[in-house]
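A.B. asks: Questions regarding the structure given below will be posed in turn.
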Amino acid sequence: MHRALYTLLITALLPFAWLRLQWRSRKEPGYGRHIAERFGHYAFAPSRPIIWLHAVSVGETRAAIPLVNALKARYPNHQLLITHMTPTGRATSETLFGDTVLRCYLPYDAPFAMGRFLTHFRPTLGLLMETELWPNLIDACRTNNIPLWLVNARLSQKSASRYARVKTLTAECLAKLTGICAQTPADAERLTQLGANSVAICGNMKFDVKPPEPMLQLGSALRLRFGEMRPIFLAASTREGEEILILDAIEKMSVPNMLTVIVPRHPQRFDEVAALIQKRGLMLQRRSTDAPVNATTQVVLGDSMGEMFAYYAACDVAFIGGSLLPLGGQNLIEACAVGKPVLIGPHTFNFTEATEQAIAYGAAYRVEDPQALADAATRLLNNSIAREEMGQKGLLFTRSHQGAVERILNTISGVQ
């Protein structure tokens, strides 16, 4: 009954979904492309058996790098299909994997659309990244005997409370999965309380992401372009409302000749953030111009996609966005993996365990507000020894938590 009501609602909203895609395409043209795929129609067909991985957007796609590489190596006779829901996720997949994988949009969770998707691709195995529960998709996979796993699964207490509001439907979804590979014991416990039957604790495979060599090389090139001797402060994956606070902080920093690099999380906000910077009277350049950075430039806007590792490699100190406001924070592991000191705000409920572990290792330092951010960044940017020590602790932190991908591959089953 609960899934029937859900299906009725989804079906009723489909006409408005098309209108929403058209509206969003005004700012993000990618939403206007491949619309037929969102309703289960595809212009290409696989030539080999399919292993299918669903990664909603940018974060999940980047986190999937080691799993994608491991699946390609372990199952060379299969094609890997990666599905997304956002154009930025799809673009990130193109940058990271090129034509070594197939990619498309996962359709909306209406039975007819999901039926078309599964009939067209006939995957031998499905893997959903992190916390993606699609009731009709999960039911269709069970009906068609397609093993479906939730991998690298995480569930914050806040998200668990939301799922608990529809506990019957959530429990039905979790029980129909073939199994779940959870990141932490806390994630496993929350999933079990909501109705999951088969949960293994495999760790967070974001620790297995190795900085790609091309990105490290690009980072070295960016560093030369930014100014080899200039202190570089990076504000990474910033969210709406945060840039104002970050600009407040950098105006309070006492670091001679400092250059700030701000990389917004969402590309549709690039122009908005550029306007905020210029309104402060700060000298701005945009990464997209691909020009040398002038000595008088104070802020570089990182308006490019798929280059976050390069930004981390090019900076001296990294602040991880989504954490100054109650937005849950973003992934700090990548910055630690390139040996950079990390500053993080008070709101990290999406990455609670990784953040607390990084702080315990001495790889990250939590700041409560813009003034504390300014103080901590100033201290680190003016002290190369402290930066080096903190960066080394970041490398130790990431290396000591690796191995999740191997544990996941040893846990999942169903590849024919």
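Here's how to read the names in the structure tokens: chain A, B, ... by the order shown, residue numbers from 1 in each chain, ligand numbers from 1 in the order shown.
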Report as a compact mmCIF listing (two decimals) with C-alpha atoms, in the first residue's frame all protein, DNA and RNA residues lying within 8 Å of stretch 192-207 of chain A, evaluated on only C-alpha atoms, omitting residues in the same chain fewer than 6 positions from it.

C.D. replies:
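Dumped everything to out11.txt:
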# COMPACT_ATOMS: atom_id res chain seq x y z
CA ALA A 63 34.13 8.52 -4.56
CA ALA A 64 33.49 5.67 -6.99
CA PRO A 66 38.61 3.09 -6.95
CA LEU A 67 35.53 0.87 -7.20
CA ASN A 152 29.63 2.68 0.66
CA ALA A 160 17.70 8.38 9.51
CA TYR A 163 13.50 7.95 6.62
CA ALA A 164 11.81 6.96 9.87
CA LYS A 167 9.45 3.63 8.03
CA THR A 170 11.95 2.35 3.96
CA ALA A 171 11.95 -1.05 5.65
CA GLU A 172 10.47 -2.65 2.53
CA LEU A 174 16.05 -2.13 2.67
CA ALA A 175 14.73 -5.68 3.08
CA THR A 178 20.55 -8.17 -1.76
CA GLY A 179 22.79 -6.60 0.86
CA ILE A 180 24.41 -3.44 2.18
CA CYS A 181 28.06 -2.49 2.59
CA ALA A 182 28.05 0.22 5.25
CA GLN A 183 30.86 2.67 5.94
CA THR A 184 30.83 2.56 9.75
CA PRO A 185 29.25 0.64 12.64
CA ILE A 333 39.50 13.01 2.72
CA GLU A 334 40.77 14.20 -0.67
CA ALA A 337 45.18 12.46 0.75
CA THR A 398 44.01 8.39 4.91
CA ARG A 399 46.44 5.49 4.50
CA HIS A 401 41.73 3.68 6.64
CA GLN A 402 42.19 2.18 3.18
CA GLY A 403 40.89 -1.20 2.01
CA ALA A 404 37.13 -0.60 1.74
CA VAL A 405 36.95 -1.41 -1.97
CA ARG A 407 36.16 -5.58 1.35
CA ILE A 408 33.19 -4.51 -0.80
CA THR A 411 31.19 -9.05 0.00

A.B. asks: Under the rule of at most 9 Å, produce a per-residue listing of stretch 14-109 of chain A near stretch 293-310 of chain A: chain, number, name, the closest pair of atoms, and the distance in Å, as a tab-separated table, using only C-alpha atoms.

C.D. replies:
residue	atom	partner	partner_atom	distance
A:Val58	CA	A:Gly306	CA	8.5
A:Arg62	CA	A:Gly306	CA	8.7
A:Thr88	CA	A:Met305	CA	8.0
A:Ala91	CA	A:Met305	CA	7.9
A:Thr92	CA	A:Gly306	CA	5.7
A:Ser93	CA	A:Gly306	CA	8.9
A:Thr95	CA	A:Gly306	CA	6.6
A:Leu96	CA	A:Gly306	CA	7.7

A.B. asks: Would you mind telling me which residue in A:Pro267, A:Gly98, A:Pro107, A:Pro76 lies nearest to A:Arg38 when using only C-alpha atoms?

C.D. replies: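 Smallest distance to A:Arg38 is found for A:Pro107.
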
A.B. asks: Restricting the calculation to only C-alpha atoms: of A:Ser47, A:Gln392, A:Thr348, A:Thr168, which residue gets closest to A:Gly321?

C.D. replies: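 Smallest separation from A:Gly321 among the options: A:Thr348.
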
A.B. asks: List the neighbours of A:Asp139 out to 12 Å using only C-alpha atoms; skip same-chain residues closer than 2 positions along the sequence, and give me the result as a CSV table (one decimal) with C-alpha atoms, in the first residue's frame.

C.D. replies:
chain,number,residue,atom,x,y,z
A,3,ARG,CA,4.6,1.8,-2.4
A,4,ALA,CA,1.4,2.1,-4.3
A,7,THR,CA,4.0,5.3,-7.2
A,109,ASP,CA,11.3,6.0,-10.3
A,110,ALA,CA,8.1,5.1,-12.1
A,111,PRO,CA,7.6,1.4,-12.7
A,114,MET,CA,12.5,1.5,-14.5
A,115,GLY,CA,11.2,-1.5,-16.3
A,118,LEU,CA,16.3,-2.9,-16.7
A,133,LEU,CA,16.6,4.1,-2.0
A,134,TRP,CA,14.4,3.9,-5.0
A,135,PRO,CA,11.3,1.8,-4.1
A,136,ASN,CA,10.2,0.8,-7.6
A,137,LEU,CA,13.7,0.2,-8.9
A,141,CYS,CA,15.4,-5.7,-9.5
A,142,ARG,CA,14.0,-8.2,-7.0
A,143,THR,CA,11.3,-9.2,-9.4
A,144,ASN,CA,13.8,-9.7,-12.2
A,145,ASN,CA,16.4,-11.5,-10.0
A,146,ILE,CA,19.0,-8.8,-10.4
A,147,PRO,CA,21.3,-8.6,-7.4
A,148,LEU,CA,21.2,-5.1,-6.0
A,169,LEU,CA,8.3,2.0,2.9
A,172,GLU,CA,10.5,-2.6,2.5
A,173,CYS,CA,13.2,-1.1,0.4
A,174,LEU,CA,16.0,-2.1,2.7
A,175,ALA,CA,14.7,-5.7,3.1
A,176,LYS,CA,14.5,-6.2,-0.7
A,177,LEU,CA,18.2,-5.3,-1.3
A,178,THR,CA,20.6,-8.2,-1.8

A.B. asks: Considering only C-alpha atoms, can you say which of A:Ser220, A:Leu327, A:Ala314, A:Ala377 comes closest to A:Ile246?

C.D. replies: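 Using only C-alpha atoms, the shortest distance to A:Ile246 belongs to A:Ala377.
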
A.B. asks: Nearest to A:Pro212 among A:Glu388, A:Ala70, A:Asp369, A:Phe97, with distances taken over only C-alpha atoms: which residue is it?

C.D. replies: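 Ranked by minimum distance to A:Pro212, first place goes to A:Phe97.
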
A.B. asks: Do a neighbour search on stretch 352-367 of chain A at 8 Å with only C-alpha atoms, toss out local chain neighbours closer than 3 positions, and write the hits as a ChimeraX atom specification.

C.D. replies: /A:156,184,332-333,336,341-346,348-349,370,372-373,376,390-394,397

A.B. asks: Please determine, counting only C-alpha atoms, which residue among A:Ile320, A:Ala374, A:Ile412, A:Ile65 has the shortest atom-to-atom distance to A:Lys252.

C.D. replies: A:Ala374

A.B. asks: For each of A:Glu60, A:Glu28, A:Glu94, A:Glu37, take the minimum atom-to-atom distance to A:His120, counting only C-alpha atoms, then give the residue where this is smallest.

C.D. replies: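 Smallest distance to A:His120 is found for A:Glu37.
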
A.B. asks: Apply DSSP to the structure's backbone, then extract all residues of stretch 203-387 of chain A labelled strand (DSSP E or B) and return them as a list in words.

C.D. replies: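 Selecting the strand (DSSP E or B) positions of stretch 203-387 of chain A gives Ile232, Phe233, Leu234, Ala235, Ala236, Ser237, Thr238, Leu259, Thr260, Val261, Ile262, Val263, Pro264, Leu284, Gln285, Arg286, Val299, Val300, Leu301, Val317, Ala318, Phe319, Ile320, Val342, Leu343, Ile344, Ala364, Tyr365 and Arg366 of chain A.
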
A.B. asks: Among stretch 202-250 of chain A, which residues does DSSP mark as helix (DSSP H, G or I) when it is run on the backbone? Keep the chain and numbering as in the structure and answer as a PyMOL selection string.

C.D. replies: chain A and resi 205-208+213-226+242-250

A.B. asks: Might you pull out every residue within 8 Å of A:Val255, with only C-alpha atoms counted and same-chain residues fewer than 5 positions away left off, and present them as a ChimeraX atom specification?

C.D. replies: /A:231,378,381-382

A.B. asks: Which neighbours of stretch 21-27 of chain A fall inside 12 Å, counting only C-alpha atoms, when residues of the same chain fewer than 4 positions from it are skipped, and could you give them as a PyMOL selection string?

C.D. replies: chain A and resi 14-17+31-36+38+85-87+266-272
